[in-house]
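Q: Below: one structure in structure tokens.
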Amino acid sequence: MKRALSALALGSLAACAQGRAAGSTSPAPQAAPRAEVPFPSTYRPLPSRTTLIRGGTVMTAAGQIIPNGQVLMRDGRIAAVGATVDAPADAVVVDATGKFVTPGVIDTHSHLGAYASPGVEASSDGNEATSPNTAEVWVEHSVWPQDPGFVRALEGGVTTMQILPGSANLFGGRSVVLRNVPSRTVQGMKFPGAPYGLKMACGENPKRVYGQRGGPSTRMGEVAGFRSAWIRAADYRRRMDEWDRGGRSASSMPTRDLELETLAGVLRGEILVHNHCYRADEMAQMIDISHEFGFRIRSFHHGVEAYKIRDLMARDSIAGSLWADWWGFKMEALDFTRANLAMVHQAGARAIVHSDDPTGIQKLNQEAAKAVEAGREAGIEVSENDALRWFTANAAWALGIDGETGTLESGKRADVVIWSANPFSVYARADRVYIDGALLFDRFDPSRQPQTDFELGLFPAEAAR
Amino acid sequence: MNHKLLAAAAAAALAASPAAAQTIAITGGTVHPISGPAIQNGTVIIQNGRITAVGAGLAAPAGARVIDARGKVVTPGLFEPSTNMALVEVESVDETNDARFQNDEDRVAAAFNVSDGINPRSMVIPVTRIAGVTTVISRPQGGLISGQGIGIDLIGNNVADMVITPGPIAMFASVSENVQESAGNGTRSGVFMRMREVLDDARTWARNPQAFERGETRQFSISRLDLAALQPVLRGELPLVVEAHRASDIQTIIRLADEYKIRLIITGGTEAWMVAGDLARARVPVLVKVLRNLPESFESLGARYENAALLRRAGVQVAITTGETFKAYNIRQEAGNAVAYGLPYDEALRAVTLAPAQIFGVADRYGSLEAGKVADVVVWDGDPLEMLTRVNTVIIRGREVPMTSRETMLRDRYMNLDENARSYRQ
């Protein structure tokens, strides 16, 4: 991360100070401060109190399932987890008897905010479908923090999610990892320190979008597009690194290129590749491209045929962000099996259940349950802990934030869900959701149920929800 | 095959089911007949494709194949009332998509009957039925009036052997925002204006069809075939299933249906809960997709998961639909979530079995486990609405279906990644 920060900081040298104030009462005009990084996170945890959750079944996603366990949250962090923990006398005690306690749900694939509700053309901001390579765009500049979908996701236990640009392009742009908190700005939601991701897409989408618009119109054209871009990125990285090593003399600084800056970030290992790809043979091609240019694919997304190449994924430590059972909507989604997640898991690759859907994100626990059952039918037994990791710890790893969240372990951010029943039951609902120890959602307390600006006053009182 | 022939063949098929003359006794399970309370240690006896007896501790007839359902749950097969089943193989491959008569959204295609496009060998069927879905309504899509849908059981080699009514089961239409631009000339009122024009034409035509043939009538805005096809709807014989979401649109279509004495069914009905009283008074049933709670459009601002529960509480007849084809198997997940959001459990089971059968007028033969009904029966290893529950046995028209599909075969083929072992027939 350090190198990315320095590269981004250098960018600000080229930017001229702006922002002249008008009016006599305004402060005197002065140069704006230069940001260390552009669009820095301003996220601050909401106020929290030291809280002890006790009496529930604590599923840590770190191996243990503790019946009648306890979780202590202090200063926004998990302070202790166990059968018994030492809690200060003034801790707020939450009785979770009969309930289940898990880490917050994490989705590696969401378009919330970029394809917001209501889905009218004016709020369709997820695909910069103007060129096969738009690695220069950052989806955070599209995200509308008032998307009601964020609140619905919170009601489903989602505490963190990656927002991706869409899949029209070979290189769709940078993703952003968000905390699921109400905020006026995207900056106020940005997960501090989370690495950026790069959205890549292979297969039917890019050739459908660009086939009649100059290409690529074939899969071979797509691969040529990828390789050409990585060649340019490698050269850009070399020139930047030389300038870096040469003492950064401003006169010789290569011209910044936003597109190549992102790709170079991937080559340096600072930006994580999230690759939309369905077919086994194509995923193998993408893996070969990563070998040719020396970067890693962090996660294949959708991967309907991941089960066919699960050994290749395990070998390269590539996670599979997969659906439980989506299929049939296009040719590359035809060869599905409901056992996909279980088979990928069994092969030793990280399996993740992702949504790509503003309703699906609310029920990732149910999606996981379906995949667990399909695994059992295939003779693959997946433990509750492992299945829980499909939408918590493994997802955190794919986003590069597993040191901070994804399990209930001391020291991690206190992202916690209290479920009304076993989360793999269709009847389970998130009763309480904590983010950094702050109670963001309480199903039984209307004052703890966020409402977006958009939803205010939608209906006259007689029809209010 | 034209529709008359199809109807005749279907009538014959319904009269003498082609099911193998196997006798099956499902014994010892918790039987949910739906039409009555659950039966512990229940037995369901099936002969010649029909259920012949349901009760506690019944003896299996001599020679019956006995399915031991001890510790398991037995229900009617699930009934999904809105899909494009067997009409679409791959959604984005146009050649395999036979659900849309025209892409032109203004299209009035009342005469379009999907029967001749049904592919009994669709690869989507096995995937769906091994999840416990035995009966679906496969419907046309698109346009102001999309055309006629049919009900089919998910077994058979010939559409005539699969249909559950001799003719079409309903006419499908939409007054949703998706037809506003074209059919409505950009407005809501335009959509309803066009709907009235179409129905007026059909009513006027019916008064003297011979005059039309002689060229002695005024011009009609729809074709001769469409004018004729709408007559069963105007006579109240064929229900009109209308996609509508905004509360005010639902109220408007109720008014319009009342004007024309049409048997109305709402599908979608995202904001139906807001006008539940109107729907109850007009006795209009609603096909609800449960997992819909986002204000995804301006006609769906009131979307909420409690829709089904609130409608039932107000006395509205409700069936649950996924509205899906490839994921029609998730209908039990929809029903389970309806329970999580307030619908009583028994009502949820009913909403995926008997309720759709009643709404579409086939409850004399479908939707519950009762003597005389078509033997569509599923054995589950637990609560059917739980995702961790496995389907053990699926019986359609008295026949056990193989618990395999292309999906399970791909799984099995790739269990072993050895190239030599995988790609060749053993």
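Going through the structure tokens in order, the chains are called A, B, and so on, while each chain numbers its residues from 1 and the ligands are numbered from 1 in the order shown.
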Using only C-alpha atoms, which residues of chain B come within 7 Å of chain A, and what is the closest atom pair for each, with the distance in Å to one decimal? Give it as CSV, sorted by chain and residue number.
A:
residue,atom,partner,partner_atom,distance
B:Val90,CA,A:Gly328,CA,5.2
B:Glu91,CA,A:Phe329,CA,4.6
B:Ser92,CA,A:Lys330,CA,5.1
B:Val93,CA,A:Lys330,CA,6.8
B:Met274,CA,A:Ala463,CA,6.6
B:Arg292,CA,A:Thr359,CA,7.0
B:Leu294,CA,A:Gly149,CA,6.6
B:Pro295,CA,A:Pro118,CA,5.5
B:Glu296,CA,A:Pro118,CA,4.2
B:Ser297,CA,A:Pro118,CA,4.4
B:Phe298,CA,A:Pro118,CA,6.4
B:Phe326,CA,A:Gly328,CA,6.0
B:Gly336,CA,A:Val426,CA,5.7
B:Asn337,CA,A:Val426,CA,6.2
B:Val339,CA,A:Tyr427,CA,6.9
B:Ala340,CA,A:Tyr427,CA,4.7
B:Glu386,CA,A:Val426,CA,5.6
B:Met387,CA,A:Lys370,CA,5.2
B:Leu388,CA,A:Glu373,CA,5.1
B:Arg390,CA,A:Glu373,CA,6.9
B:Glu407,CA,A:Thr337,CA,4.8
B:Thr408,CA,A:Thr337,CA,6.4
B:Leu410,CA,A:Thr337,CA,6.7
B:Arg411,CA,A:Thr337,CA,5.8
B:Tyr414,CA,A:Lys308,CA,6.2
Q: Taking the chain letters and numbering used in this document, name the residues of region 333-409 of chain A that DSSP puts in alpha helix (DSSP H), as a ChimeraX atom specification.
A: /A:340-346,364-377,384-389,393-398
Q: Please produce an output containing C-alpha atoms for each residue in the selection, written as an mmCIF file, in the first residue's frame.
A:
data_model
loop_
_atom_site.group_PDB
_atom_site.id
_atom_site.type_symbol
_atom_site.label_atom_id
_atom_site.label_comp_id
_atom_site.auth_asym_id
_atom_site.auth_seq_id
_atom_site.Cartn_x
_atom_site.Cartn_y
_atom_site.Cartn_z
ATOM 1 C CA ASN A 340 -19.917 -24.989 -7.626
ATOM 2 C CA LEU A 341 -19.106 -23.287 -4.317
ATOM 3 C CA ALA A 342 -18.717 -26.570 -2.473
ATOM 4 C CA MET A 343 -16.448 -28.037 -5.144
ATOM 5 C CA VAL A 344 -14.243 -24.940 -5.234
ATOM 6 C CA HIS A 345 -14.083 -24.997 -1.447
ATOM 7 C CA GLN A 346 -13.204 -28.676 -1.365
ATOM 8 C CA LEU A 364 -26.142 -13.991 1.190
ATOM 9 C CA ASN A 365 -26.699 -16.289 4.163
ATOM 10 C CA GLN A 366 -29.528 -18.019 2.309
ATOM 11 C CA GLU A 367 -27.497 -18.236 -0.875
ATOM 12 C CA ALA A 368 -24.753 -19.947 1.113
ATOM 13 C CA ALA A 369 -27.291 -22.353 2.607
ATOM 14 C CA LYS A 370 -28.424 -23.416 -0.846
ATOM 15 C CA ALA A 371 -24.844 -24.085 -1.873
ATOM 16 C CA VAL A 372 -24.168 -26.058 1.295
ATOM 17 C CA GLU A 373 -27.134 -28.295 0.538
ATOM 18 C CA ALA A 374 -25.997 -28.758 -3.059
ATOM 19 C CA GLY A 375 -22.585 -29.758 -1.732
ATOM 20 C CA ARG A 376 -24.115 -32.333 0.565
ATOM 21 C CA GLU A 377 -26.015 -33.816 -2.342
ATOM 22 C CA GLU A 384 -21.148 -24.204 9.234
ATOM 23 C CA ASN A 385 -17.942 -22.365 9.994
ATOM 24 C CA ASP A 386 -16.626 -22.812 6.467
ATOM 25 C CA ALA A 387 -19.945 -21.827 4.921
ATOM 26 C CA LEU A 388 -20.027 -18.746 7.127
ATOM 27 C CA ARG A 389 -16.590 -17.836 5.818
ATOM 28 C CA ALA A 393 -13.710 -14.104 6.205
ATOM 29 C CA ASN A 394 -13.047 -15.280 2.656
ATOM 30 C CA ALA A 395 -14.699 -12.182 1.261
ATOM 31 C CA ALA A 396 -12.551 -10.044 3.550
ATOM 32 C CA TRP A 397 -9.459 -11.788 2.225
ATOM 33 C CA ALA A 398 -10.449 -11.163 -1.375
#
Q: Just asking: which residues within region 139-344 of chain B are strand (DSSP E) according to DSSP, as number ranges by chain?
A: B: 145-153, 170-174, 240-244, 264-268, 286-288, 318-320
Q: Excluding region 136-140 of chain A and residues on its chain fewer than 4 positions from it, collect all residues at most 8 Å away from it, counting only C-alpha atoms, and give them as a short mmCIF file (atom, residue, chain, number, x, y, z; two decimals) with C-alpha atoms, in the first residue's frame.
A:
data_model
loop_
_atom_site.label_atom_id
_atom_site.label_comp_id
_atom_site.auth_asym_id
_atom_site.auth_seq_id
_atom_site.Cartn_x
_atom_site.Cartn_y
_atom_site.Cartn_z
CA ALA A 114 -23.51 3.07 -8.95
CA GLY A 126 -22.01 1.69 -13.32
CA GLU A 128 -18.28 3.77 -18.47
CA ILE A 163 -18.59 -1.62 -5.17
CA LEU A 164 -17.42 -2.49 -8.64
CA PRO A 165 -17.86 -0.75 -11.94
CA GLY A 172 -13.87 -1.40 -16.07
CA GLY A 173 -12.01 0.77 -13.59
CA ARG A 174 -11.25 0.87 -9.91
CA SER A 175 -13.53 -0.60 -7.27
CA VAL A 176 -14.01 0.83 -3.82
CA VAL A 186 -18.66 8.47 -0.40
CA LEU A 258 -4.68 7.66 -15.00
CA GLU A 259 -5.39 4.52 -16.97
CA LEU A 260 -1.85 3.19 -16.70
CA GLU A 261 -1.51 4.32 -13.10
CA THR A 262 -4.20 1.86 -12.13
#
Q: Using Å and a single decimal, report how far CA of Leu369 (chain B) sits from CA of Gln317 (chain B).
A: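 CA of Leu369 (chain B) lies 19.8 Å from CA of Gln317 (chain B).
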Q: Quick one: distance from CA of Asp241 (chain A) to CA of Leu170 (chain A) in Å, one decimal?
A: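 Distance between the two atoms: 25.5 Å.
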Q: Could you tell me how far CA of Met240 (chain A) sits from CA of Arg256 (chain A), in Å to one decimal place?
A: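 According to the coordinates, CA of Arg256 (chain A) and CA of Met240 (chain A) are separated by 8.9 Å.
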Q: Counting only C-alpha atoms, which of A:Ile65, A:Val92, A:Val353, A:Ala83 gets nearest to Gly437 (chain A)?
A: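 For Gly437 (chain A), the nearest of the candidates is A:Val92.
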Q: Neighbours of Arg129 (chain B) within 10 Å (only C-alpha atoms; same-chain residues fewer than 5 positions away dropped), as a ChimeraX atom specification?
A: /B:77-78,124,134-136,153-155,328-329,378,391,394-396,401-405
Q: Let me make sure I understand: among B:Ala282, B:Ala371, B:Ala276, B:Leu227, which one has the smallest atom-to-atom distance to Arg50 (chain B) if we use only C-alpha atoms?
A: B:Ala371
Q: Excluding same-chain residues fewer than 2 positions from Asn127 (chain A), what lies within 8 Å of it counting only C-alpha atoms, as a PDB file with C-alpha atoms, in the first residue's frame?
A:
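Writing the result to around-v7.pdb gives the following:
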ATOM      1  CA  SER A 124     -27.214   4.499 -14.239  1.00  0.00           C
ATOM      2  CA  ASP A 125     -23.566   5.117 -13.404  1.00  0.00           C
ATOM      3  CA  ALA A 129     -19.036   1.951 -21.708  1.00  0.00           C
ATOM      4  CA  PRO A 165     -17.865  -0.752 -11.940  1.00  0.00           C
ATOM      5  CA  GLY A 166     -19.753  -2.873 -14.432  1.00  0.00           C
ATOM      6  CA  SER A 167     -18.637  -5.508 -16.841  1.00  0.00           C
ATOM      7  CA  ALA A 168     -18.943  -3.824 -20.215  1.00  0.00           C
ATOM      8  CA  ASN A 169     -15.200  -3.233 -20.476  1.00  0.00           C
ATOM      9  CA  GLY A 172     -13.871  -1.400 -16.068  1.00  0.00           C
TER      10      GLY A 172
END
Q: List as number ranges by chain the protein and nucleic acid residues near Glu237 (chain B), meaning an atom at most 10 Å away when only C-alpha atoms are counted, but skip any in the same chain fewer than 2 places from it.
A: B: 169-170, 231-235, 239-240, 262-263
Q: Could those selected residues go to a file with all heavy atoms, as a short mmCIF file (atom, residue, chain, number, x, y, z; two decimals), in the first residue's frame?
A:
data_model
loop_
_atom_site.label_atom_id
_atom_site.label_comp_id
_atom_site.auth_asym_id
_atom_site.auth_seq_id
_atom_site.Cartn_x
_atom_site.Cartn_y
_atom_site.Cartn_z
N ILE B 169 -54.59 -21.30 -20.23
CA ILE B 169 -55.04 -21.18 -18.84
C ILE B 169 -55.31 -19.72 -18.47
O ILE B 169 -56.05 -19.45 -17.54
CB ILE B 169 -54.02 -21.83 -17.89
CG1 ILE B 169 -54.69 -22.18 -16.55
CG2 ILE B 169 -52.78 -20.95 -17.70
CD1 ILE B 169 -53.93 -23.20 -15.74
N ALA B 170 -54.70 -18.80 -19.22
CA ALA B 170 -54.93 -17.38 -18.94
C ALA B 170 -54.37 -16.54 -20.08
O ALA B 170 -53.51 -16.99 -20.84
CB ALA B 170 -54.25 -16.97 -17.63
N GLN B 231 -62.23 -12.90 -26.90
CA GLN B 231 -63.62 -13.18 -26.52
C GLN B 231 -63.75 -13.98 -25.22
O GLN B 231 -64.58 -13.63 -24.37
CB GLN B 231 -64.37 -13.88 -27.67
CG GLN B 231 -64.45 -13.03 -28.95
CD GLN B 231 -64.94 -11.61 -28.70
OE1 GLN B 231 -65.89 -11.40 -27.95
NE2 GLN B 231 -64.26 -10.63 -29.28
N PRO B 232 -62.96 -15.04 -25.02
CA PRO B 232 -63.07 -15.75 -23.74
C PRO B 232 -62.76 -14.85 -22.54
O PRO B 232 -63.32 -15.05 -21.46
CB PRO B 232 -62.04 -16.88 -23.86
CG PRO B 232 -61.79 -17.03 -25.32
CD PRO B 232 -61.99 -15.67 -25.93
N VAL B 233 -61.92 -13.87 -22.74
CA VAL B 233 -61.61 -12.92 -21.66
C VAL B 233 -62.83 -12.05 -21.38
O VAL B 233 -63.23 -11.85 -20.23
CB VAL B 233 -60.39 -12.04 -22.03
CG1 VAL B 233 -60.14 -10.97 -20.97
CG2 VAL B 233 -59.15 -12.91 -22.22
N LEU B 234 -63.47 -11.56 -22.46
CA LEU B 234 -64.65 -10.70 -22.27
C LEU B 234 -65.85 -11.49 -21.75
O LEU B 234 -66.73 -10.93 -21.11
CB LEU B 234 -65.00 -10.03 -23.61
CG LEU B 234 -64.01 -8.96 -24.06
CD1 LEU B 234 -64.33 -8.50 -25.49
CD2 LEU B 234 -64.04 -7.76 -23.11
N ARG B 235 -65.86 -12.78 -22.00
CA ARG B 235 -66.95 -13.61 -21.48
C ARG B 235 -66.68 -14.05 -20.04
O ARG B 235 -67.49 -14.75 -19.44
CB ARG B 235 -67.13 -14.85 -22.36
CG ARG B 235 -67.75 -14.56 -23.73
CD ARG B 235 -68.27 -15.83 -24.39
NE ARG B 235 -67.20 -16.80 -24.65
CZ ARG B 235 -66.53 -16.88 -25.83
NH1 ARG B 235 -66.83 -16.06 -26.82
NH2 ARG B 235 -65.59 -17.77 -25.99
N PRO B 239 -59.12 -15.93 -17.42
CA PRO B 239 -58.65 -14.79 -16.62
C PRO B 239 -57.61 -13.96 -17.37
O PRO B 239 -56.89 -14.49 -18.22
CB PRO B 239 -58.04 -15.44 -15.38
CG PRO B 239 -57.73 -16.84 -15.78
CD PRO B 239 -58.68 -17.23 -16.87
N LEU B 240 -57.58 -12.69 -17.05
CA LEU B 240 -56.58 -11.79 -17.60
C LEU B 240 -55.57 -11.51 -16.49
O LEU B 240 -55.92 -10.91 -15.46
CB LEU B 240 -57.23 -10.49 -18.08
CG LEU B 240 -56.29 -9.50 -18.78
CD1 LEU B 240 -55.81 -10.05 -20.12
CD2 LEU B 240 -56.99 -8.15 -19.00
N ILE B 262 -64.21 -8.44 -16.46
CA ILE B 262 -63.09 -9.35 -16.73
C ILE B 262 -62.63 -10.01 -15.43
O ILE B 262 -62.63 -9.37 -14.37
CB ILE B 262 -61.92 -8.54 -17.37
CG1 ILE B 262 -62.25 -8.26 -18.83
CG2 ILE B 262 -60.60 -9.27 -17.22
CD1 ILE B 262 -61.31 -7.27 -19.48
N ARG B 263 -62.27 -11.28 -15.50
CA ARG B 263 -61.68 -11.98 -14.34
C ARG B 263 -60.22 -11.58 -14.23
O ARG B 263 -59.38 -12.06 -15.01
CB ARG B 263 -61.78 -13.49 -14.53
CG ARG B 263 -63.02 -14.11 -13.93
CD ARG B 263 -63.08 -15.58 -14.26
NE ARG B 263 -61.98 -16.33 -13.68
CZ ARG B 263 -61.56 -17.51 -14.13
NH1 ARG B 263 -62.14 -18.06 -15.18
NH2 ARG B 263 -60.56 -18.14 -13.55
#
